[in-house]
>>> print(open('my_file_30.cif').read())   # mmCIF, C-alpha atoms
data_entry
#
loop_
_atom_site.label_atom_id
_atom_site.label_comp_id
_atom_site.auth_asym_id
_atom_site.auth_seq_id
_atom_site.Cartn_x
_atom_site.Cartn_y
_atom_site.Cartn_z
CA ASP B 1 0.00 0.00 0.00
CA ALA B 2 1.75 3.14 -1.22
CA GLY B 3 1.67 6.12 1.03
CA VAL B 4 1.43 9.69 -0.18
CA THR B 5 3.68 10.40 -3.13
CA GLN B 6 4.76 13.73 -4.58
CA SER B 7 6.55 14.76 -7.76
CA PRO B 8 8.96 16.13 -8.58
CA THR B 9 11.32 15.87 -5.61
CA HIS B 10 13.20 19.03 -6.45
CA LEU B 11 12.52 21.85 -8.86
CA ILE B 12 14.37 25.01 -9.85
CA LYS B 13 12.51 27.85 -11.56
CA THR B 14 13.13 31.51 -12.26
CA ARG B 15 11.06 34.48 -11.21
CA GLY B 16 7.89 34.95 -13.25
CA GLN B 17 7.65 31.35 -14.32
CA GLN B 18 4.84 28.97 -13.50
CA VAL B 19 5.12 25.63 -11.72
CA THR B 20 2.92 22.56 -11.22
CA LEU B 21 3.45 20.14 -8.35
CA ARG B 22 1.70 16.79 -8.09
CA CYS B 23 0.42 14.64 -5.24
CA SER B 24 -1.09 11.17 -5.08
CA PRO B 25 -2.92 10.42 -1.83
CA LYS B 26 -2.67 7.34 0.30
CA SER B 27 -4.90 4.54 -0.97
CA GLY B 28 -8.45 5.01 0.30
CA HIS B 29 -8.07 8.71 1.09
CA ASP B 30 -10.29 11.26 -0.62
CA THR B 31 -8.96 14.59 0.67
CA VAL B 32 -5.71 16.36 -0.17
CA SER B 33 -4.28 19.36 1.67
CA TRP B 34 -1.31 21.43 0.53
CA TYR B 35 1.20 23.20 2.77
CA GLN B 36 4.14 25.54 2.24
CA GLN B 37 7.11 25.25 4.59
CA ALA B 38 9.75 27.95 4.44
CA LEU B 39 13.19 27.15 5.80
CA GLY B 40 13.21 27.04 9.59
CA GLN B 41 9.44 27.54 9.85
CA GLY B 42 6.46 25.32 10.46
CA PRO B 43 4.21 24.43 7.51
CA GLN B 44 1.51 26.87 6.47
CA PHE B 45 -1.84 25.70 5.14
CA ILE B 46 -2.45 26.63 1.48
CA PHE B 47 -5.71 24.86 0.62
CA GLN B 48 -7.63 21.62 0.75
CA TYR B 49 -9.39 19.67 -1.99
CA TYR B 50 -12.28 17.27 -1.59
CA GLU B 51 -14.64 15.95 -4.28
CA GLU B 52 -12.63 17.87 -6.88
CA GLU B 53 -13.36 21.22 -5.26
CA GLU B 54 -11.38 23.61 -3.10
CA ARG B 55 -13.03 23.32 0.30
CA GLN B 56 -10.76 25.35 2.55
CA ARG B 57 -8.10 27.96 1.89
CA GLY B 58 -5.38 29.59 3.92
CA ASN B 59 -3.99 33.08 3.52
CA PHE B 60 -2.35 32.66 0.12
CA PRO B 61 -2.80 34.83 -3.00
CA ASP B 62 -4.69 33.74 -6.09
CA ARG B 63 -1.36 32.93 -7.76
CA PHE B 64 -1.70 29.66 -5.86
CA SER B 65 -4.34 27.42 -7.39
CA GLY B 66 -5.07 23.74 -7.45
CA HIS B 67 -7.01 20.91 -8.87
CA GLN B 68 -8.19 17.50 -7.78
CA PHE B 69 -8.83 14.70 -10.23
CA PRO B 70 -11.47 11.94 -10.06
CA ASN B 71 -8.83 9.52 -8.75
CA TYR B 72 -8.26 11.95 -5.81
CA SER B 73 -4.78 12.97 -6.94
CA SER B 74 -4.09 16.68 -6.86
CA GLU B 75 -1.99 19.42 -8.41
CA LEU B 76 -0.74 22.67 -6.96
CA ASN B 77 -0.07 25.44 -9.47
CA VAL B 78 1.84 28.61 -8.71
CA ASN B 79 1.92 31.41 -11.28
CA ALA B 80 4.25 34.39 -11.57
CA LEU B 81 6.79 32.87 -9.19
CA LEU B 82 8.50 35.12 -6.64
CA LEU B 83 11.75 34.53 -4.81
CA GLY B 84 9.68 34.18 -1.63
CA ASP B 85 7.89 31.16 -3.07
CA SER B 86 11.05 29.11 -2.52
CA ALA B 87 10.04 26.49 0.04
CA LEU B 88 9.24 22.86 0.68
CA TYR B 89 5.72 22.10 -0.55
CA LEU B 90 4.03 19.30 1.31
CA CYS B 91 0.80 17.56 0.55
CA ALA B 92 -1.15 15.48 3.02
CA SER B 93 -4.06 13.15 2.47
CA SER B 94 -6.86 12.18 4.80
CA LEU B 95 -10.22 10.49 4.81
CA GLY B 96 -12.66 13.38 4.95
CA THR B 97 -12.10 17.09 5.42
CA GLY B 98 -12.22 17.47 9.18
CA VAL B 99 -9.20 19.07 10.82
CA ALA B 100 -9.36 16.37 13.45
CA ASN B 101 -8.76 13.67 10.84
CA GLU B 102 -5.33 12.10 10.81
CA GLN B 103 -3.24 13.38 7.94
CA PHE B 104 -0.56 11.42 6.12
CA PHE B 105 2.18 13.56 4.62
CA GLY B 106 4.18 13.09 1.46
CA PRO B 107 7.95 13.61 1.23
CA GLY B 108 7.54 17.08 -0.24
CA THR B 109 8.74 18.97 -3.29
CA ARG B 110 11.55 21.45 -2.72
CA LEU B 111 11.05 24.46 -4.97
CA THR B 112 13.85 26.94 -5.53
CA VAL B 113 13.06 30.19 -7.33
CA LEU B 114 16.08 32.05 -8.70
CA LYS T 1 -7.09 32.49 14.50
CA ASN T 2 -5.18 30.07 16.67
CA GLU T 3 -1.63 30.88 17.66
CA VAL T 4 0.74 28.07 18.55
CA GLU T 5 3.83 28.34 20.72
CA GLN T 6 6.29 25.50 21.16
CA SER T 7 9.09 25.21 23.67
CA PRO T 8 11.94 24.74 23.68
CA GLN T 9 12.92 25.71 20.15
CA ASN T 10 16.11 23.65 20.39
CA LEU T 11 16.95 20.80 22.73
CA THR T 12 20.12 18.73 22.97
CA ALA T 13 20.16 15.78 25.35
CA GLN T 14 22.11 12.62 26.07
CA GLU T 15 20.91 9.20 25.06
CA GLY T 16 18.59 7.74 27.66
CA GLU T 17 17.27 11.04 28.97
CA PHE T 18 13.57 11.78 29.42
CA ILE T 19 12.47 14.46 26.94
CA THR T 20 9.55 16.87 27.22
CA ILE T 21 8.37 19.20 24.44
CA ASN T 22 5.58 21.66 25.13
CA CYS T 23 2.87 23.19 22.95
CA SER T 24 0.43 25.96 23.87
CA TYR T 25 -2.38 27.32 21.73
CA SER T 26 -4.76 30.24 22.06
CA VAL T 27 -8.15 29.04 20.76
CA GLY T 28 -10.13 26.03 21.92
CA ILE T 29 -9.73 23.01 19.63
CA SER T 30 -11.27 19.66 18.75
CA ALA T 31 -7.94 17.87 18.33
CA LEU T 32 -4.20 18.46 18.37
CA HIS T 33 -1.62 16.80 16.15
CA TRP T 34 1.97 15.94 16.99
CA LEU T 35 4.22 15.44 13.97
CA GLN T 36 7.84 14.40 13.46
CA GLN T 37 9.98 15.79 10.65
CA HIS T 38 13.37 14.34 9.75
CA PRO T 39 16.09 16.16 7.79
CA GLY T 40 15.08 16.20 4.15
CA GLY T 41 11.50 17.09 4.89
CA GLY T 42 9.37 13.98 5.36
CA ILE T 43 6.68 14.43 8.02
CA VAL T 44 5.19 11.58 10.02
CA SER T 45 2.06 11.90 12.11
CA LEU T 46 2.80 10.71 15.66
CA PHE T 47 -0.41 11.43 17.55
CA MET T 48 -3.76 13.03 17.19
CA LEU T 49 -5.49 13.62 20.50
CA SER T 50 -8.46 15.51 21.83
CA SER T 51 -8.24 14.68 25.53
CA GLY T 52 -6.16 12.88 28.11
CA LYS T 53 -3.15 10.88 27.11
CA LYS T 54 -1.92 8.60 24.34
CA LYS T 55 1.09 6.30 24.31
CA HIS T 56 2.92 4.68 21.43
CA GLY T 57 6.10 2.85 22.29
CA ARG T 58 8.44 5.31 23.99
CA LEU T 59 6.34 8.32 23.02
CA ILE T 60 3.62 9.77 25.23
CA ALA T 61 1.38 12.71 24.38
CA THR T 62 -0.85 14.51 26.85
CA ILE T 63 -3.30 17.35 26.44
CA ASN T 64 -5.06 19.66 28.88
CA ILE T 65 -7.98 21.22 27.05
CA GLN T 66 -8.79 23.69 29.83
CA GLU T 67 -5.23 25.02 29.94
CA LYS T 68 -4.83 24.86 26.13
CA HIS T 69 -1.57 22.96 26.51
CA SER T 70 -0.09 19.71 25.27
CA SER T 71 3.16 17.92 25.95
CA LEU T 72 5.09 15.29 24.03
CA HIS T 73 7.35 13.05 26.09
CA ILE T 74 10.05 10.67 24.92
CA THR T 75 11.27 8.07 27.39
CA ALA T 76 14.70 6.43 27.11
CA SER T 77 15.65 8.75 24.25
CA HIS T 78 17.81 7.43 21.42
CA PRO T 79 19.85 9.18 18.70
CA ARG T 80 17.28 8.03 16.12
CA ASP T 81 14.74 10.26 17.91
CA SER T 82 16.69 13.27 16.63
CA ALA T 83 14.25 15.24 14.50
CA VAL T 84 12.02 18.30 14.51
CA TYR T 85 8.79 17.82 16.46
CA ILE T 86 5.85 19.98 15.44
CA CYS T 87 2.43 20.44 16.98
CA ALA T 88 -0.54 21.55 14.91
CA VAL T 89 -4.07 22.62 15.80
CA PRO T 90 -7.16 23.68 13.87
CA SER T 91 -6.78 27.33 12.90
CA GLY T 92 -10.21 28.31 14.19
CA GLY T 93 -11.50 31.87 14.39
CA GLY T 94 -12.97 31.62 10.92
CA ALA T 95 -9.71 30.48 9.36
CA ASP T 96 -9.36 27.16 7.62
CA GLY T 97 -6.95 24.30 7.95
CA LEU T 98 -4.31 23.67 10.58
CA THR T 99 -1.92 26.09 12.25
CA PHE T 100 1.52 24.67 12.96
CA GLY T 101 4.10 25.54 15.56
CA LYS T 102 7.62 26.38 14.43
CA GLY T 103 8.84 23.07 15.76
CA THR T 104 11.30 21.86 18.38
CA HIS T 105 14.65 20.75 17.00
CA LEU T 106 15.74 17.76 19.11
CA ILE T 107 19.24 16.27 19.04
CA ILE T 108 20.00 13.17 21.08
CA GLN T 109 23.71 12.56 21.49
CA PRO T 110 25.06 9.03 22.03
#
>>> encode(input="my_file_30.cif", output="structure tokens")
Amino acid sequence: DAGVTQSPTHLIKTRGQQVTLRCSPKSGHDTVSWYQQALGQGPQFIFQYYEEEERQRGNFPDRFSGHQFPNYSSELNVNALLLGDSALYLCASSLGTGVANEQFFGPGTRLTVL
Amino acid sequence: KNEVEQSPQNLTAQEGEFITINCSYSVGISALHWLQQHPGGGIVSLFMLSSGKKKHGRLIATINIQEKHSSLHITASHPRDSAVYICAVPSGGGADGLTFGKGTHLIIQP
């Protein structure tokens, strides 16, 4: 039973470019949440997808968007990249949308914006 | 919105010592998560608790809902316990998702 997987592992982009990160949830999970973790900080909640819709959103600009597919996998898109977008991007899957549900995290994608 | 404070920020101890990491939050919650993050980024969920105490191997987590405080204890610590330990709570106050502490960086020396 595969856990949460993310791709790519590492990514280097330049300012102004666009990036797409991918996440496959743990088998049986229907909800995917995305987090941004800057160096030395705790993760920050970006948004959550359930039933192919954005259900919850943190304090992130519209440059951050996402999608969930019928197989529950998800993408995070970031447009017009800024240097400050450099971070580890984590996705987590759960069964249901409740914040009290246990979340299983992927290994993350490290994004560097030059 | 919930605010989370963890202490200490950094902790170095000798193998075998009893470790305590603390987490305080500002808004009442339905559940609190304790997470472990190793170098390289991977996060593992250790506990999710809403009251009382949970134990898993050498790890013990307690929560006091009235005092808005939780502790993570490690008994008979081992160098492989070296990691960053993070607590997370529902953001509350109209905000979505979880709010995470900055983490406690634990080093266990042999």
>>> interface_residues(input="my_file_30.cif", of="chain T", to="chain B", cutoff="12 Å", atoms="all atoms listed in the file", output="PyMOL selection string")
chain T and resi 1+4-6+9-10+29-50+84-92+94-105
>>> resolve_selection(input="my_file_30.cif", expression="the PyMOL selection byres ((chain B and resi 78-87) around 9)", output="VMD selection string")
chain B and resid 13 to 21 36 to 39 62 to 66 76 to 77 88 to 89 109 to 114
>>> atom_distance(input="my_file_30.cif", atom1="atom CA of Ile65 of chain T", atom2="atom CA of Leu11 of chain T")
25.3 Å
>>> axis_aligned_box(input="my_file_30.cif", around="segment 75-82 of chain B", padding_each_side="5 Å", output="JSON")
{"center_x": 3.3, "center_y": 27.3, "center_z": -9.1, "size_x": 20.5, "size_y": 25.7, "size_z": 14.9}
>>> resolve_selection(input="my_file_30.cif", expression="the PyMOL selection byres ((chain B and resi 4) around 6)", output="list in words")
Gly3, Thr5, Ser24, Pro25, Lys26 and Gly106 of chain B
>>> write_last_selection(input="my_file_30.cif", atoms="C-alpha atoms", output="PDB file, in the coordinates of the input")
ATOM      1  CA  GLY B   3       1.670   6.120   1.030  1.00  0.00           C
ATOM      2  CA  THR B   5       3.680  10.400  -3.130  1.00  0.00           C
ATOM      3  CA  SER B  24      -1.090  11.170  -5.080  1.00  0.00           C
ATOM      4  CA  PRO B  25      -2.920  10.420  -1.830  1.00  0.00           C
ATOM      5  CA  LYS B  26      -2.670   7.340   0.300  1.00  0.00           C
ATOM      6  CA  GLY B 106       4.180  13.090   1.460  1.00  0.00           C
TER       7      GLY B 106
END
>>> closest_residue(input="my_file_30.cif", among="T:Lys68, T:Thr62, T:Ile21, T:Ala13", to="Ser82 of chain T", atoms="only C-alpha atoms")
T:Ala13
>>> atom_distance(input="my_file_30.cif", atom1="atom CA of Leu106 of chain T", atom2="atom CA of Asn64 of chain T")
23.1 Å
>>> resolve_selection(input="my_file_30.cif", expression="the PyMOL selection byres ((chain B and resi 69) around 12)", output="number ranges by chain")
B: 22-25, 30-32, 49-54, 66-68, 70-76
>>> write_last_selection(input="my_file_30.cif", atoms="C-alpha atoms", output="tab-separated table (two decimals), keeping the file's coordinate frame")
chain	number	residue	atom	x	y	z
B	22	ARG	CA	1.70	16.79	-8.09
B	23	CYS	CA	0.42	14.64	-5.24
B	24	SER	CA	-1.09	11.17	-5.08
B	25	PRO	CA	-2.92	10.42	-1.83
B	30	ASP	CA	-10.29	11.26	-0.62
B	31	THR	CA	-8.96	14.59	0.67
B	32	VAL	CA	-5.71	16.36	-0.17
B	49	TYR	CA	-9.39	19.67	-1.99
B	50	TYR	CA	-12.28	17.27	-1.59
B	51	GLU	CA	-14.64	15.95	-4.28
B	52	GLU	CA	-12.63	17.87	-6.88
B	53	GLU	CA	-13.36	21.22	-5.26
B	54	GLU	CA	-11.38	23.61	-3.10
B	66	GLY	CA	-5.07	23.74	-7.45
B	67	HIS	CA	-7.01	20.91	-8.87
B	68	GLN	CA	-8.19	17.50	-7.78
B	70	PRO	CA	-11.47	11.94	-10.06
B	71	ASN	CA	-8.83	9.52	-8.75
B	72	TYR	CA	-8.26	11.95	-5.81
B	73	SER	CA	-4.78	12.97	-6.94
B	74	SER	CA	-4.09	16.68	-6.86
B	75	GLU	CA	-1.99	19.42	-8.41
B	76	LEU	CA	-0.74	22.67	-6.96
>>> residues_around(input="my_file_30.cif", residues="Ser70 of chain T", least_positions_apart="5", cutoff="8 Å", atoms="all atoms listed in the file", output="PyMOL selection string")
chain T and resi 22-24+61-64
>>> atom_distance(input="my_file_30.cif", atom1="atom CA of Lys54 of chain T", atom2="atom CA of Ala2 of chain B")
26.4 Å
>>> decode(input="my_file_30.cif", residues="segment 47-93 of chain B", atoms="N, CA and C atoms", output="compact mmCIF listing (two decimals), in the first residue's frame")
# COMPACT_ATOMS: atom_id res chain seq x y z
N PHE B 47 -4.31 25.19 0.88
CA PHE B 47 -5.71 24.86 0.62
C PHE B 47 -5.93 23.36 0.70
N GLN B 48 -7.21 23.01 0.66
CA GLN B 48 -7.63 21.62 0.75
C GLN B 48 -8.63 21.30 -0.35
N TYR B 49 -8.48 20.10 -0.94
CA TYR B 49 -9.39 19.67 -1.99
C TYR B 49 -10.13 18.41 -1.59
N TYR B 50 -11.41 18.41 -1.87
CA TYR B 50 -12.28 17.27 -1.59
C TYR B 50 -13.36 17.26 -2.66
N GLU B 51 -13.64 16.09 -3.20
CA GLU B 51 -14.64 15.95 -4.28
C GLU B 51 -14.37 16.94 -5.41
N GLU B 52 -13.10 17.07 -5.74
CA GLU B 52 -12.63 17.87 -6.88
C GLU B 52 -12.90 19.37 -6.73
N GLU B 53 -13.14 19.80 -5.50
CA GLU B 53 -13.36 21.22 -5.26
C GLU B 53 -12.48 21.72 -4.13
N GLU B 54 -12.11 22.99 -4.21
CA GLU B 54 -11.38 23.61 -3.10
C GLU B 54 -12.37 23.85 -1.97
N ARG B 55 -12.09 23.26 -0.83
CA ARG B 55 -13.03 23.32 0.30
C ARG B 55 -12.59 24.31 1.36
N GLN B 56 -11.29 24.43 1.55
CA GLN B 56 -10.76 25.35 2.55
C GLN B 56 -9.53 26.03 1.95
N ARG B 57 -9.24 27.23 2.42
CA ARG B 57 -8.10 27.96 1.89
C ARG B 57 -7.45 28.77 3.00
N GLY B 58 -6.15 28.76 3.00
CA GLY B 58 -5.38 29.59 3.92
C GLY B 58 -5.13 30.95 3.31
N ASN B 59 -4.25 31.71 3.93
CA ASN B 59 -3.99 33.08 3.52
C ASN B 59 -2.93 33.14 2.42
N PHE B 60 -3.26 32.65 1.26
CA PHE B 60 -2.35 32.66 0.12
C PHE B 60 -3.02 33.36 -1.06
N PRO B 61 -2.21 34.08 -1.88
CA PRO B 61 -2.80 34.83 -3.00
C PRO B 61 -3.33 33.90 -4.09
N ASP B 62 -4.07 34.51 -5.01
CA ASP B 62 -4.69 33.74 -6.09
C ASP B 62 -3.66 33.12 -7.04
N ARG B 63 -2.40 33.55 -6.92
CA ARG B 63 -1.36 32.93 -7.76
C ARG B 63 -1.26 31.43 -7.45
N PHE B 64 -1.70 31.07 -6.27
CA PHE B 64 -1.70 29.66 -5.86
C PHE B 64 -3.07 29.07 -6.19
N SER B 65 -3.08 28.07 -7.04
CA SER B 65 -4.34 27.42 -7.39
C SER B 65 -4.11 25.92 -7.43
N GLY B 66 -5.20 25.19 -7.47
CA GLY B 66 -5.07 23.74 -7.45
C GLY B 66 -6.16 23.05 -8.22
N HIS B 67 -6.03 21.74 -8.18
CA HIS B 67 -7.01 20.91 -8.87
C HIS B 67 -6.99 19.54 -8.22
N GLN B 68 -8.14 18.90 -8.20
CA GLN B 68 -8.19 17.50 -7.78
C GLN B 68 -8.88 16.70 -8.87
N PHE B 69 -8.34 15.56 -9.16
CA PHE B 69 -8.83 14.70 -10.23
C PHE B 69 -9.77 13.63 -9.66
N PRO B 70 -10.53 12.97 -10.54
CA PRO B 70 -11.47 11.94 -10.06
C PRO B 70 -10.80 10.82 -9.26
N ASN B 71 -9.51 10.58 -9.51
CA ASN B 71 -8.83 9.52 -8.75
C ASN B 71 -8.24 10.06 -7.44
N TYR B 72 -8.65 11.27 -7.06
CA TYR B 72 -8.26 11.95 -5.81
C TYR B 72 -6.87 12.56 -5.84
N SER B 73 -6.08 12.31 -6.87
CA SER B 73 -4.78 12.97 -6.94
C SER B 73 -4.99 14.47 -7.13
N SER B 74 -3.94 15.22 -6.87
CA SER B 74 -4.09 16.68 -6.86
C SER B 74 -2.87 17.36 -7.44
N GLU B 75 -3.07 18.56 -7.93
CA GLU B 75 -1.99 19.42 -8.41
C GLU B 75 -2.05 20.76 -7.69
N LEU B 76 -0.87 21.31 -7.46
CA LEU B 76 -0.74 22.67 -6.96
C LEU B 76 -0.05 23.47 -8.06
N ASN B 77 -0.64 24.57 -8.47
CA ASN B 77 -0.07 25.44 -9.47
C ASN B 77 0.28 26.79 -8.84
N VAL B 78 1.45 27.28 -9.16
CA VAL B 78 1.84 28.61 -8.71
C VAL B 78 2.27 29.40 -9.93
N ASN B 79 1.61 30.54 -10.15
CA ASN B 79 1.92 31.41 -11.28
C ASN B 79 2.81 32.57 -10.84
N ALA B 80 3.46 33.18 -11.82
CA ALA B 80 4.25 34.39 -11.57
C ALA B 80 5.13 34.22 -10.33
N LEU B 81 5.99 33.22 -10.36
CA LEU B 81 6.79 32.87 -9.19
C LEU B 81 7.61 34.05 -8.68
N LEU B 82 7.68 34.14 -7.35
CA LEU B 82 8.50 35.12 -6.64
C LEU B 82 9.60 34.40 -5.90
N LEU B 83 10.66 35.14 -5.58
CA LEU B 83 11.75 34.53 -4.81
C LEU B 83 11.22 33.94 -3.50
N GLY B 84 10.24 34.61 -2.91
CA GLY B 84 9.68 34.18 -1.63
C GLY B 84 8.86 32.91 -1.71
N ASP B 85 8.62 32.42 -2.92
CA ASP B 85 7.89 31.16 -3.07
C ASP B 85 8.82 29.96 -2.88
N SER B 86 10.11 30.20 -2.77
CA SER B 86 11.05 29.11 -2.52
C SER B 86 10.73 28.47 -1.18
N ALA B 87 10.47 27.18 -1.18
CA ALA B 87 10.04 26.49 0.04
C ALA B 87 9.89 25.01 -0.25
N LEU B 88 9.62 24.27 0.81
CA LEU B 88 9.24 22.86 0.68
C LEU B 88 7.71 22.82 0.63
N TYR B 89 7.17 22.21 -0.40
CA TYR B 89 5.72 22.10 -0.55
C TYR B 89 5.30 20.68 -0.20
N LEU B 90 4.46 20.59 0.79
CA LEU B 90 4.03 19.30 1.31
C LEU B 90 2.56 19.09 0.98
N CYS B 91 2.21 17.87 0.61
CA CYS B 91 0.80 17.56 0.55
C CYS B 91 0.50 16.48 1.58
N ALA B 92 -0.71 16.46 2.03
CA ALA B 92 -1.15 15.48 3.02
C ALA B 92 -2.52 14.96 2.61
N SER B 93 -2.74 13.70 2.80
CA SER B 93 -4.06 13.15 2.47
C SER B 93 -4.74 12.67 3.74
